[in-house]
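*Asks:* Sharing a structure here in C-alpha coordinates format.
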Amino acid sequence: MRTILLPICLLLLALDVPQVTSASIVPRTIEKAHKFALSHSRNFARDLRLALGGVLIAPRDAPSTLRPVVYCKTKQAPFGIGGNSGSPVSPNSTSTTTGAGSAPTGSVPTSSPWKLTESHEGSNFFEGWSFWNLADPTHGIVQYLDESAARSNGLLEVNGDGHAIMRVETTQNVSPNRKSVRIQTRSSFNGGLLIMDSIHMPTGCGTWPAFWTNGPDWPHDGEIDIIEGVHDYTNNQATIHTDPGCRLSSTSSDTLNMTGKVIGGTDCAALTTGNQGCGIRASSSNSFGAGFNANGGGVYAMQWDNSGLAVFFFPSGSVPADIGAGFPHPETWGPALARWPADGCDPFQYFNTHSVIFDTTLCGDWAGAVWSGSGIPGQEESCAQRTGFSTCEEYVRASGSSFDEAYWQIRSVKLYQFE
(Lines give C-alpha, C1' and ligand atoms only; values in the text may rest on other atoms or scores of the structure.)
Protein backbone atom coordinates (compact mmCIF):
# COMPACT_ATOMS: atom_id res chain seq x y z
CA MET A 1 0.00 0.00 0.00
CA ARG A 2 1.45 3.37 -1.00
CA THR A 3 2.12 5.98 1.60
CA ILE A 4 0.71 9.35 0.62
CA LEU A 5 2.03 12.39 2.43
CA LEU A 6 -1.07 14.49 2.94
CA PRO A 7 -2.33 16.42 5.93
CA ILE A 8 -5.52 14.38 6.08
CA CYS A 9 -5.64 10.62 5.71
CA LEU A 10 -8.75 8.56 5.62
CA LEU A 11 -8.98 4.86 6.23
CA LEU A 12 -11.62 3.72 3.82
CA LEU A 13 -12.83 0.53 2.34
CA ALA A 14 -12.74 -0.53 -1.24
CA LEU A 15 -14.81 -3.32 -2.66
CA ASP A 16 -13.66 -6.75 -3.75
CA VAL A 17 -16.65 -8.05 -5.58
CA PRO A 18 -17.63 -11.24 -7.31
CA GLN A 19 -17.65 -11.81 -10.99
CA VAL A 20 -20.52 -10.08 -12.71
CA THR A 21 -19.22 -7.89 -15.56
CA SER A 22 -16.98 -6.52 -12.82
CA ALA A 23 -13.78 -6.71 -10.96
CA SER A 24 -12.64 -4.45 -8.22
CA ILE A 25 -14.25 -1.25 -7.13
CA VAL A 26 -12.54 1.56 -5.48
CA PRO A 27 -14.28 4.06 -3.34
CA ARG A 28 -13.80 7.66 -4.02
CA THR A 29 -12.00 9.61 -1.34
CA ILE A 30 -11.79 12.94 -2.75
CA GLU A 31 -12.39 16.02 -0.81
CA LYS A 32 -13.25 19.11 -2.71
CA ALA A 33 -14.03 22.67 -2.31
CA HIS A 34 -13.12 25.15 -5.02
CA LYS A 35 -11.10 28.26 -5.23
CA PHE A 36 -13.02 31.47 -5.07
CA ALA A 37 -10.13 33.28 -6.69
CA LEU A 38 -10.06 30.93 -9.63
CA SER A 39 -12.76 31.06 -12.25
CA HIS A 40 -14.84 28.20 -10.88
CA SER A 41 -15.53 25.04 -12.75
CA ARG A 42 -14.10 21.66 -13.04
CA ASN A 43 -14.59 20.22 -16.48
CA PHE A 44 -12.04 17.78 -17.59
CA ALA A 45 -10.94 15.57 -20.34
CA ARG A 46 -9.04 15.60 -23.44
CA ASP A 47 -10.24 14.25 -26.74
CA LEU A 48 -8.95 10.73 -26.97
CA ARG A 49 -8.54 9.50 -30.48
CA LEU A 50 -9.07 6.01 -31.80
CA ALA A 51 -5.48 5.11 -31.13
CA LEU A 52 -5.82 2.33 -28.66
CA GLY A 53 -8.71 1.59 -26.37
CA GLY A 54 -7.92 -0.03 -23.09
CA VAL A 55 -8.55 -3.53 -21.97
CA LEU A 56 -11.42 -4.35 -19.67
CA ILE A 57 -10.04 -6.02 -16.59
CA ALA A 58 -11.42 -9.49 -16.20
CA PRO A 59 -13.61 -10.08 -13.17
CA ARG A 60 -11.90 -11.87 -10.33
CA ASP A 61 -13.41 -14.28 -7.89
CA ALA A 62 -13.69 -12.61 -4.53
CA PRO A 63 -16.30 -12.33 -1.83
CA SER A 64 -18.61 -9.32 -1.97
CA THR A 65 -17.12 -7.84 1.15
CA LEU A 66 -15.39 -4.60 1.97
CA ARG A 67 -11.62 -4.54 2.18
CA PRO A 68 -9.71 -1.80 4.01
CA VAL A 69 -7.71 0.51 1.77
CA VAL A 70 -6.00 3.71 2.84
CA TYR A 71 -6.72 6.90 0.92
CA CYS A 72 -5.29 10.24 1.86
CA LYS A 73 -6.47 13.47 0.34
CA THR A 74 -6.16 17.10 1.26
CA LYS A 75 -9.06 19.47 1.20
CA GLN A 76 -9.34 21.28 -2.06
CA ALA A 77 -9.39 25.02 -1.82
CA PRO A 78 -12.60 26.72 -2.99
CA PHE A 79 -12.50 26.19 -6.73
CA GLY A 80 -15.34 27.82 -8.59
CA ILE A 81 -19.02 27.93 -9.49
CA GLY A 82 -21.58 27.34 -12.22
CA GLY A 83 -25.35 27.23 -12.24
CA ASN A 84 -28.63 28.21 -13.85
CA SER A 85 -32.31 27.77 -13.43
CA GLY A 86 -34.90 25.64 -15.12
CA SER A 87 -37.86 23.36 -14.60
CA PRO A 88 -36.56 19.91 -13.67
CA VAL A 89 -38.68 16.79 -13.77
CA SER A 90 -40.16 15.32 -10.62
CA PRO A 91 -38.22 12.27 -9.42
CA ASN A 92 -41.33 10.61 -8.09
CA SER A 93 -43.21 10.24 -11.34
CA THR A 94 -43.00 6.86 -12.99
CA SER A 95 -43.15 8.43 -16.43
CA THR A 96 -40.45 11.03 -16.75
CA THR A 97 -38.86 13.01 -19.54
CA THR A 98 -37.99 11.27 -22.75
CA GLY A 99 -34.22 11.23 -22.53
CA ALA A 100 -31.21 12.70 -24.13
CA GLY A 101 -30.80 9.95 -26.66
CA SER A 102 -34.26 10.47 -28.12
CA ALA A 103 -33.21 12.92 -30.80
CA PRO A 104 -29.91 11.86 -32.36
CA THR A 105 -28.43 13.95 -35.14
CA GLY A 106 -26.44 13.01 -38.25
CA SER A 107 -26.25 9.87 -40.36
CA VAL A 108 -26.46 6.49 -38.66
CA PRO A 109 -23.39 4.22 -38.97
CA THR A 110 -23.67 0.44 -38.95
CA SER A 111 -20.28 -0.41 -37.46
CA SER A 112 -17.57 0.97 -35.18
CA PRO A 113 -14.13 -0.10 -33.95
CA TRP A 114 -15.46 0.60 -30.45
CA LYS A 115 -17.17 -2.53 -29.14
CA LEU A 116 -19.64 -2.60 -26.27
CA THR A 117 -18.23 -4.54 -23.31
CA GLU A 118 -20.49 -3.50 -20.43
CA SER A 119 -23.96 -1.97 -20.28
CA HIS A 120 -26.28 -0.80 -17.49
CA GLU A 121 -29.81 0.11 -18.54
CA GLY A 122 -33.46 -0.79 -18.08
CA SER A 123 -34.79 -2.99 -15.29
CA ASN A 124 -31.34 -4.51 -14.70
CA PHE A 125 -29.53 -1.19 -14.42
CA PHE A 126 -28.31 -1.73 -10.86
CA GLU A 127 -26.81 -5.16 -11.52
CA GLY A 128 -23.02 -4.98 -11.40
CA TRP A 129 -22.86 -2.04 -8.96
CA SER A 130 -21.81 -1.99 -5.32
CA PHE A 131 -23.41 0.34 -2.79
CA TRP A 132 -21.20 2.44 -0.55
CA ASN A 133 -22.58 2.47 3.01
CA LEU A 134 -19.71 4.03 4.94
CA ALA A 135 -19.07 7.61 6.03
CA ASP A 136 -18.62 10.12 3.23
CA PRO A 137 -14.87 10.64 2.67
CA THR A 138 -15.52 14.23 1.55
CA HIS A 139 -17.19 15.02 4.90
CA GLY A 140 -20.67 15.58 3.55
CA ILE A 141 -23.60 15.27 5.96
CA VAL A 142 -25.07 12.22 4.23
CA GLN A 143 -25.79 8.67 5.29
CA TYR A 144 -25.14 6.43 2.30
CA LEU A 145 -27.46 3.40 2.22
CA ASP A 146 -26.95 -0.12 0.93
CA GLU A 147 -29.20 -1.28 -1.89
CA SER A 148 -31.90 -2.84 0.26
CA ALA A 149 -32.15 0.17 2.56
CA ALA A 150 -32.10 2.61 -0.36
CA ARG A 151 -35.03 0.80 -1.99
CA SER A 152 -37.05 0.55 1.22
CA ASN A 153 -36.51 4.27 1.88
CA GLY A 154 -37.72 5.18 -1.61
CA LEU A 155 -34.35 6.49 -2.74
CA LEU A 156 -33.66 3.87 -5.41
CA GLU A 157 -35.74 2.47 -8.26
CA VAL A 158 -36.04 1.84 -11.96
CA ASN A 159 -39.12 3.81 -13.04
CA GLY A 160 -41.80 2.89 -15.58
CA ASP A 161 -39.67 4.22 -18.44
CA GLY A 162 -36.77 1.95 -17.49
CA HIS A 163 -34.68 4.82 -16.11
CA ALA A 164 -32.54 4.42 -12.98
CA ILE A 165 -33.46 6.85 -10.20
CA MET A 166 -31.17 7.71 -7.24
CA ARG A 167 -32.64 10.24 -4.80
CA VAL A 168 -31.73 12.15 -1.66
CA GLU A 169 -34.00 11.84 1.38
CA THR A 170 -36.68 14.57 1.61
CA THR A 171 -37.79 14.12 5.24
CA GLN A 172 -38.15 17.72 6.40
CA ASN A 173 -35.92 17.62 9.49
CA VAL A 174 -33.04 15.18 10.01
CA SER A 175 -30.19 14.80 12.47
CA PRO A 176 -27.33 14.53 11.91
CA ASN A 177 -27.28 13.29 8.29
CA ARG A 178 -29.63 13.06 5.32
CA LYS A 179 -29.87 9.72 3.51
CA SER A 180 -28.41 9.38 0.02
CA VAL A 181 -26.99 6.90 -2.50
CA ARG A 182 -23.49 6.26 -3.81
CA ILE A 183 -22.77 3.41 -6.24
CA GLN A 184 -19.70 2.14 -8.05
CA THR A 185 -19.20 -0.53 -10.66
CA ARG A 186 -17.84 -3.86 -9.54
CA SER A 187 -15.82 -3.92 -12.74
CA SER A 188 -12.70 -1.92 -13.50
CA PHE A 189 -11.13 -0.97 -16.81
CA ASN A 190 -7.98 0.48 -18.38
CA GLY A 191 -8.81 2.75 -21.29
CA GLY A 192 -12.08 2.84 -23.16
CA LEU A 193 -15.05 4.95 -24.15
CA LEU A 194 -17.57 5.51 -21.34
CA ILE A 195 -20.96 6.92 -22.38
CA MET A 196 -23.65 8.02 -19.92
CA ASP A 197 -27.14 9.14 -21.02
CA SER A 198 -28.89 11.15 -18.30
CA ILE A 199 -32.21 12.97 -18.17
CA HIS A 200 -31.81 14.65 -14.78
CA MET A 201 -29.07 15.30 -12.23
CA PRO A 202 -29.23 16.56 -8.63
CA THR A 203 -29.36 20.33 -8.22
CA GLY A 204 -30.04 22.94 -5.56
CA CYS A 205 -28.33 24.59 -2.62
CA GLY A 206 -26.46 22.08 -0.48
CA THR A 207 -26.02 19.44 -3.21
CA TRP A 208 -22.72 18.13 -4.58
CA PRO A 209 -23.36 15.45 -7.23
CA ALA A 210 -20.65 13.74 -9.27
CA PHE A 211 -20.17 11.13 -11.99
CA TRP A 212 -16.54 10.02 -12.10
CA THR A 213 -13.98 7.23 -12.34
CA ASN A 214 -11.24 6.36 -9.87
CA GLY A 215 -8.35 3.94 -9.43
CA PRO A 216 -7.64 1.78 -6.35
CA ASP A 217 -4.54 3.69 -5.18
CA TRP A 218 -5.32 7.40 -5.04
CA PRO A 219 -3.83 9.56 -6.43
CA HIS A 220 -1.30 7.18 -8.00
CA ASP A 221 -3.98 5.54 -10.19
CA GLY A 222 -5.70 8.81 -10.98
CA GLU A 223 -9.19 10.24 -10.80
CA ILE A 224 -11.35 11.52 -13.66
CA ASP A 225 -14.28 13.76 -12.70
CA ILE A 226 -16.64 13.71 -15.68
CA ILE A 227 -19.57 15.58 -14.12
CA GLU A 228 -19.24 17.63 -10.98
CA GLY A 229 -20.52 20.81 -9.39
CA VAL A 230 -22.32 22.16 -6.35
CA HIS A 231 -25.40 24.13 -5.36
CA ASP A 232 -27.06 25.93 -8.28
CA TYR A 233 -24.17 25.74 -10.76
CA THR A 234 -25.13 25.27 -14.38
CA ASN A 235 -21.71 24.94 -16.05
CA ASN A 236 -20.13 21.53 -15.49
CA GLN A 237 -16.57 21.06 -14.30
CA ALA A 238 -14.39 18.20 -15.46
CA THR A 239 -11.15 17.59 -13.58
CA ILE A 240 -8.32 15.09 -13.30
CA HIS A 241 -6.25 14.40 -10.18
CA THR A 242 -2.97 12.49 -10.49
CA ASP A 243 0.49 11.76 -9.16
CA PRO A 244 3.16 14.45 -9.80
CA GLY A 245 4.30 14.71 -13.41
CA CYS A 246 0.98 14.97 -15.23
CA ARG A 247 0.37 18.40 -16.78
CA LEU A 248 -1.85 20.12 -19.30
CA SER A 249 0.32 20.98 -22.29
CA SER A 250 -1.51 24.27 -22.91
CA THR A 251 -4.17 26.56 -21.46
CA SER A 252 -5.51 27.51 -24.88
CA SER A 253 -8.91 26.00 -25.66
CA ASP A 254 -8.15 26.21 -29.39
CA THR A 255 -4.82 24.43 -28.99
CA LEU A 256 -6.46 21.75 -26.86
CA ASN A 257 -9.35 21.42 -29.35
CA MET A 258 -12.01 21.87 -26.71
CA THR A 259 -14.89 24.21 -25.92
CA GLY A 260 -14.23 24.41 -22.17
CA LYS A 261 -11.91 26.79 -20.34
CA VAL A 262 -8.91 25.80 -18.21
CA ILE A 263 -9.27 27.07 -14.66
CA GLY A 264 -6.64 26.87 -11.97
CA GLY A 265 -3.46 26.01 -13.84
CA THR A 266 -1.78 23.17 -15.71
CA ASP A 267 -0.36 21.04 -12.88
CA CYS A 268 -2.69 18.05 -12.43
CA ALA A 269 -0.97 16.55 -9.39
CA ALA A 270 -3.16 16.30 -6.30
CA LEU A 271 -0.24 16.66 -3.89
CA THR A 272 1.17 19.87 -5.35
CA THR A 273 -2.11 21.71 -6.01
CA GLY A 274 -3.99 21.15 -2.76
CA ASN A 275 -5.99 18.50 -4.65
CA GLN A 276 -7.18 21.05 -7.16
CA GLY A 277 -5.86 19.09 -10.13
CA CYS A 278 -6.48 20.24 -13.70
CA GLY A 279 -9.99 21.62 -13.97
CA ILE A 280 -11.90 22.67 -17.08
CA ARG A 281 -15.22 24.49 -17.02
CA ALA A 282 -17.88 23.98 -19.66
CA SER A 283 -18.92 26.99 -21.70
CA SER A 284 -22.58 25.92 -21.86
CA SER A 285 -25.11 26.64 -19.09
CA ASN A 286 -27.11 23.50 -19.93
CA SER A 287 -24.23 21.17 -19.05
CA PHE A 288 -25.00 20.89 -15.32
CA GLY A 289 -27.76 21.28 -12.75
CA ALA A 290 -31.04 23.03 -13.43
CA GLY A 291 -29.94 24.13 -16.90
CA PHE A 292 -29.16 20.53 -17.84
CA ASN A 293 -32.48 19.31 -16.44
CA ALA A 294 -34.58 22.03 -18.09
CA ASN A 295 -33.13 21.04 -21.45
CA GLY A 296 -34.07 17.37 -21.04
CA GLY A 297 -30.59 16.23 -20.05
CA GLY A 298 -27.91 15.02 -22.41
CA VAL A 299 -25.11 12.56 -23.04
CA TYR A 300 -21.62 12.64 -21.52
CA ALA A 301 -18.78 10.60 -22.99
CA MET A 302 -15.29 10.06 -21.60
CA GLN A 303 -12.62 8.78 -23.98
CA TRP A 304 -9.39 7.32 -22.61
CA ASP A 305 -6.83 6.05 -25.10
CA ASN A 306 -3.24 6.57 -26.25
CA SER A 307 -3.97 10.14 -27.33
CA GLY A 308 -4.96 11.17 -23.81
CA LEU A 309 -8.24 11.85 -22.02
CA ALA A 310 -11.30 13.72 -23.26
CA VAL A 311 -14.79 14.50 -22.04
CA PHE A 312 -17.60 15.28 -24.49
CA PHE A 313 -21.04 16.68 -23.78
CA PHE A 314 -24.05 16.58 -26.09
CA PRO A 315 -27.25 18.29 -24.91
CA SER A 316 -30.57 16.63 -25.58
CA GLY A 317 -31.50 17.11 -29.23
CA SER A 318 -27.85 17.27 -30.32
CA VAL A 319 -26.68 13.73 -29.58
CA PRO A 320 -24.72 12.22 -32.51
CA ALA A 321 -26.63 9.45 -34.28
CA ASP A 322 -23.70 7.04 -33.91
CA ILE A 323 -24.13 7.12 -30.11
CA GLY A 324 -27.83 6.30 -30.29
CA ALA A 325 -27.13 3.53 -32.80
CA GLY A 326 -24.53 1.92 -30.53
CA PHE A 327 -21.71 2.44 -33.05
CA PRO A 328 -19.78 5.40 -31.62
CA HIS A 329 -17.25 7.29 -33.75
CA PRO A 330 -15.67 9.87 -31.41
CA GLU A 331 -13.29 11.00 -34.15
CA THR A 332 -16.31 12.67 -35.81
CA TRP A 333 -17.63 14.48 -32.73
CA GLY A 334 -15.59 17.65 -33.06
CA PRO A 335 -14.08 19.58 -30.14
CA ALA A 336 -14.43 18.01 -26.71
CA LEU A 337 -15.74 19.81 -23.66
CA ALA A 338 -12.38 19.11 -21.99
CA ARG A 339 -9.09 17.43 -22.93
CA TRP A 340 -5.85 16.28 -21.41
CA PRO A 341 -3.46 15.30 -24.24
CA ALA A 342 -0.95 12.50 -23.85
CA ASP A 343 1.94 14.87 -24.65
CA GLY A 344 1.62 16.33 -21.16
CA CYS A 345 0.13 13.39 -19.27
CA ASP A 346 0.61 9.74 -20.24
CA PRO A 347 -2.93 8.29 -19.91
CA PHE A 348 -1.70 4.80 -19.04
CA GLN A 349 0.99 5.92 -16.59
CA TYR A 350 -1.21 8.19 -14.49
CA PHE A 351 -4.54 6.35 -14.79
CA ASN A 352 -5.05 2.68 -13.97
CA THR A 353 -7.80 0.20 -13.11
CA HIS A 354 -10.74 2.60 -12.88
CA SER A 355 -14.26 1.96 -11.66
CA VAL A 356 -17.28 4.14 -12.43
CA ILE A 357 -19.01 6.04 -9.61
CA PHE A 358 -22.21 8.06 -9.05
CA ASP A 359 -22.81 9.91 -5.82
CA THR A 360 -24.72 12.80 -4.31
CA THR A 361 -23.29 14.24 -1.14
CA LEU A 362 -24.47 17.32 0.76
CA CYS A 363 -22.32 20.19 2.02
CA GLY A 364 -18.89 18.68 2.70
CA ASP A 365 -15.49 20.03 1.70
CA TRP A 366 -16.66 21.75 -1.47
CA ALA A 367 -20.34 22.68 -1.17
CA GLY A 368 -19.96 23.59 2.48
CA ALA A 369 -16.91 25.75 1.80
CA VAL A 370 -18.62 27.90 -0.87
CA TRP A 371 -22.00 28.28 0.84
CA SER A 372 -21.56 32.05 0.97
CA GLY A 373 -19.85 32.32 -2.41
CA SER A 374 -21.34 33.83 -5.56
CA GLY A 375 -20.36 35.05 -8.99
CA ILE A 376 -20.33 31.74 -10.86
CA PRO A 377 -22.83 30.87 -13.62
CA GLY A 378 -26.05 29.90 -11.86
CA GLN A 379 -24.76 31.12 -8.50
CA GLU A 380 -25.10 34.86 -9.06
CA GLU A 381 -26.45 34.98 -5.51
CA SER A 382 -24.98 32.85 -2.74
CA CYS A 383 -26.91 29.99 -1.18
CA ALA A 384 -26.66 31.79 2.17
CA GLN A 385 -28.58 34.68 0.61
CA ARG A 386 -31.04 32.48 -1.28
CA THR A 387 -31.96 30.29 1.67
CA GLY A 388 -31.53 32.61 4.65
CA PHE A 389 -29.40 29.99 6.43
CA SER A 390 -25.90 30.96 7.52
CA THR A 391 -24.44 27.47 7.02
CA CYS A 392 -24.95 24.66 4.55
CA GLU A 393 -25.37 22.13 7.34
CA GLU A 394 -28.18 24.04 9.05
CA TYR A 395 -30.06 24.34 5.78
CA VAL A 396 -29.69 20.68 4.76
CA ARG A 397 -30.85 19.34 8.13
CA ALA A 398 -33.96 21.53 8.23
CA SER A 399 -35.09 21.71 4.60
CA GLY A 400 -36.03 18.27 3.30
CA SER A 401 -38.69 19.59 0.92
CA SER A 402 -35.99 21.60 -0.85
CA PHE A 403 -34.37 18.40 -2.10
CA ASP A 404 -37.13 17.28 -4.47
CA GLU A 405 -34.75 18.01 -7.36
CA ALA A 406 -31.78 16.24 -5.79
CA TYR A 407 -31.95 13.06 -7.87
CA TRP A 408 -30.25 11.30 -10.75
CA GLN A 409 -32.36 9.94 -13.60
CA ILE A 410 -30.17 7.80 -15.83
CA ARG A 411 -31.13 6.11 -19.06
CA SER A 412 -27.92 4.13 -19.51
CA VAL A 413 -24.21 3.75 -18.79
CA LYS A 414 -22.16 1.94 -21.44
CA LEU A 415 -18.50 1.05 -21.72
CA TYR A 416 -16.86 0.43 -25.10
CA GLN A 417 -13.39 -0.91 -25.89
CA PHE A 418 -11.41 -0.22 -29.04
CA GLU A 419 -10.72 -3.28 -31.19
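Residue numbering restarts at 1 for every chain of the C-alpha coordinates, chains are lettered A, B, ... in their displayed order, and ligands are numbered from 1 as they appear.
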I'd like the contact shell of region 324-328 of chain A - 6 Å cut-off, only C-alpha atoms, skipping same-chain residues fewer than 2 positions apart - returned as an NGL selection string.
*Replies:* :A and (101 or 111-112 or 321-322)
*Asks:* Based on DSSP run over this structure's backbone, return all residues of region 251-324 of chain A in helix (DSSP H, G or I), as a list in words.
*Replies:*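 So the helix (DSSP H, G or I) residues in region 251-324 of chain A would be Ser253, Asp254, Thr255, Leu256, Gly289, Ala290, Gly291, Phe292, Asn293, Ala294, Ala321, Asp322, Ile323 and Gly324 of chain A.
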*Asks:* Write out, as a PDB file, in the first residue's frame, the residues just selected, with N, CA and C atoms.
*Replies:*
```pdb
ATOM      1  N   SER A 253      -7.824  26.902 -25.263  1.00  0.00           N
ATOM      2  CA  SER A 253      -8.910  26.004 -25.662  1.00  0.00           C
ATOM      3  C   SER A 253      -8.765  25.602 -27.125  1.00  0.00           C
ATOM      4  N   ASP A 254      -8.329  26.524 -27.965  1.00  0.00           N
ATOM      5  CA  ASP A 254      -8.151  26.211 -29.386  1.00  0.00           C
ATOM      6  C   ASP A 254      -7.048  25.184 -29.577  1.00  0.00           C
ATOM      7  N   THR A 255      -5.931  25.382 -28.884  1.00  0.00           N
ATOM      8  CA  THR A 255      -4.816  24.433 -28.990  1.00  0.00           C
ATOM      9  C   THR A 255      -5.228  23.054 -28.491  1.00  0.00           C
ATOM     10  N   LEU A 256      -6.025  23.013 -27.446  1.00  0.00           N
ATOM     11  CA  LEU A 256      -6.459  21.747 -26.864  1.00  0.00           C
ATOM     12  C   LEU A 256      -7.667  21.152 -27.592  1.00  0.00           C
ATOM     13  N   GLY A 289     -26.728  20.760 -13.627  1.00  0.00           N
ATOM     14  CA  GLY A 289     -27.758  21.279 -12.748  1.00  0.00           C
ATOM     15  C   GLY A 289     -29.079  21.592 -13.414  1.00  0.00           C
ATOM     16  N   ALA A 290     -29.712  22.678 -12.960  1.00  0.00           N
ATOM     17  CA  ALA A 290     -31.040  23.026 -13.431  1.00  0.00           C
ATOM     18  C   ALA A 290     -31.062  23.301 -14.931  1.00  0.00           C
ATOM     19  N   GLY A 291     -29.996  23.884 -15.462  1.00  0.00           N
ATOM     20  CA  GLY A 291     -29.939  24.133 -16.895  1.00  0.00           C
ATOM     21  C   GLY A 291     -29.944  22.842 -17.694  1.00  0.00           C
ATOM     22  N   PHE A 292     -29.198  21.858 -17.219  1.00  0.00           N
ATOM     23  CA  PHE A 292     -29.163  20.533 -17.841  1.00  0.00           C
ATOM     24  C   PHE A 292     -30.553  19.901 -17.792  1.00  0.00           C
ATOM     25  N   ASN A 293     -31.178  19.952 -16.622  1.00  0.00           N
ATOM     26  CA  ASN A 293     -32.478  19.313 -16.436  1.00  0.00           C
ATOM     27  C   ASN A 293     -33.569  19.969 -17.275  1.00  0.00           C
ATOM     28  N   ALA A 294     -33.560  21.299 -17.335  1.00  0.00           N
ATOM     29  CA  ALA A 294     -34.584  22.027 -18.085  1.00  0.00           C
ATOM     30  C   ALA A 294     -34.511  21.718 -19.574  1.00  0.00           C
ATOM     31  N   ALA A 321     -25.873  10.658 -33.962  1.00  0.00           N
ATOM     32  CA  ALA A 321     -26.630   9.455 -34.283  1.00  0.00           C
ATOM     33  C   ALA A 321     -25.840   8.184 -34.008  1.00  0.00           C
ATOM     34  N   ASP A 322     -24.501   8.244 -34.127  1.00  0.00           N
ATOM     35  CA  ASP A 322     -23.699   7.036 -33.905  1.00  0.00           C
ATOM     36  C   ASP A 322     -23.772   6.573 -32.461  1.00  0.00           C
ATOM     37  N   ILE A 323     -23.988   7.509 -31.523  1.00  0.00           N
ATOM     38  CA  ILE A 323     -24.133   7.123 -30.115  1.00  0.00           C
ATOM     39  C   ILE A 323     -25.449   6.389 -29.907  1.00  0.00           C
ATOM     40  N   GLY A 324     -26.539   6.949 -30.428  1.00  0.00           N
ATOM     41  CA  GLY A 324     -27.834   6.301 -30.294  1.00  0.00           C
ATOM     42  C   GLY A 324     -27.890   4.949 -30.965  1.00  0.00           C
TER      43      GLY A 324
END
```
*Asks:* For CA of Trp366 (chain A) and CA of Phe211 (chain A), determine how far apart the two atoms are, in Å to one decimal place.
*Replies:*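 Calculated distance between CA of Trp366 (chain A) and CA of Phe211 (chain A) is 15.4 Å.
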*Asks:* Just the number, please: distance in Å from CA of Gln276 (chain A) to CA of Ala238 (chain A), one decimal.
*Replies:*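 CA of Ala238 (chain A) lies 11.4 Å from CA of Gln276 (chain A).
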*Asks:* Which residue is closest to Arg151 (chain A)? Choose from A:Asn124, A:Ser180, A:Thr251, A:Ser198 and count only C-alpha atoms.
*Replies:*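 When distances to Arg151 (chain A) are compared using only C-alpha atoms, the smallest one comes from A:Ser180.
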*Asks:* Using only C-alpha atoms, which residues of region 203-262 of chain A come within 12 Å of region 191-194 of chain A, and what is the closest atom pair for each, with the distance in Å to one decimal? Give it as a tab-separated table, sorted by chain and residue number.
*Replies:*
```
residue	atom	partner	partner_atom	distance
A:Phe211	CA	A:Leu194	CA	11.2
A:Trp212	CA	A:Leu194	CA	10.3
A:Thr213	CA	A:Leu194	CA	9.8
A:Gly215	CA	A:Gly191	CA	11.9
A:Ile224	CA	A:Leu194	CA	11.6
A:Ile226	CA	A:Leu194	CA	10.0
```
*Asks:* Give the answer as one residue: which of A:Phe358, A:Trp129, A:Phe418, A:Tyr350 has the shortest atom-to-atom distance to Pro244 (chain A), using only C-alpha atoms?
*Replies:*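 Among A:Phe358, A:Trp129, A:Phe418, A:Tyr350, it is A:Tyr350 that comes nearest to Pro244 (chain A).
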*Asks:* Expressed in Å to a single decimal, how great is the separation between CA of Glu157 (chain A) and CA of Arg411 (chain A)?
*Replies:* 12.3 Å
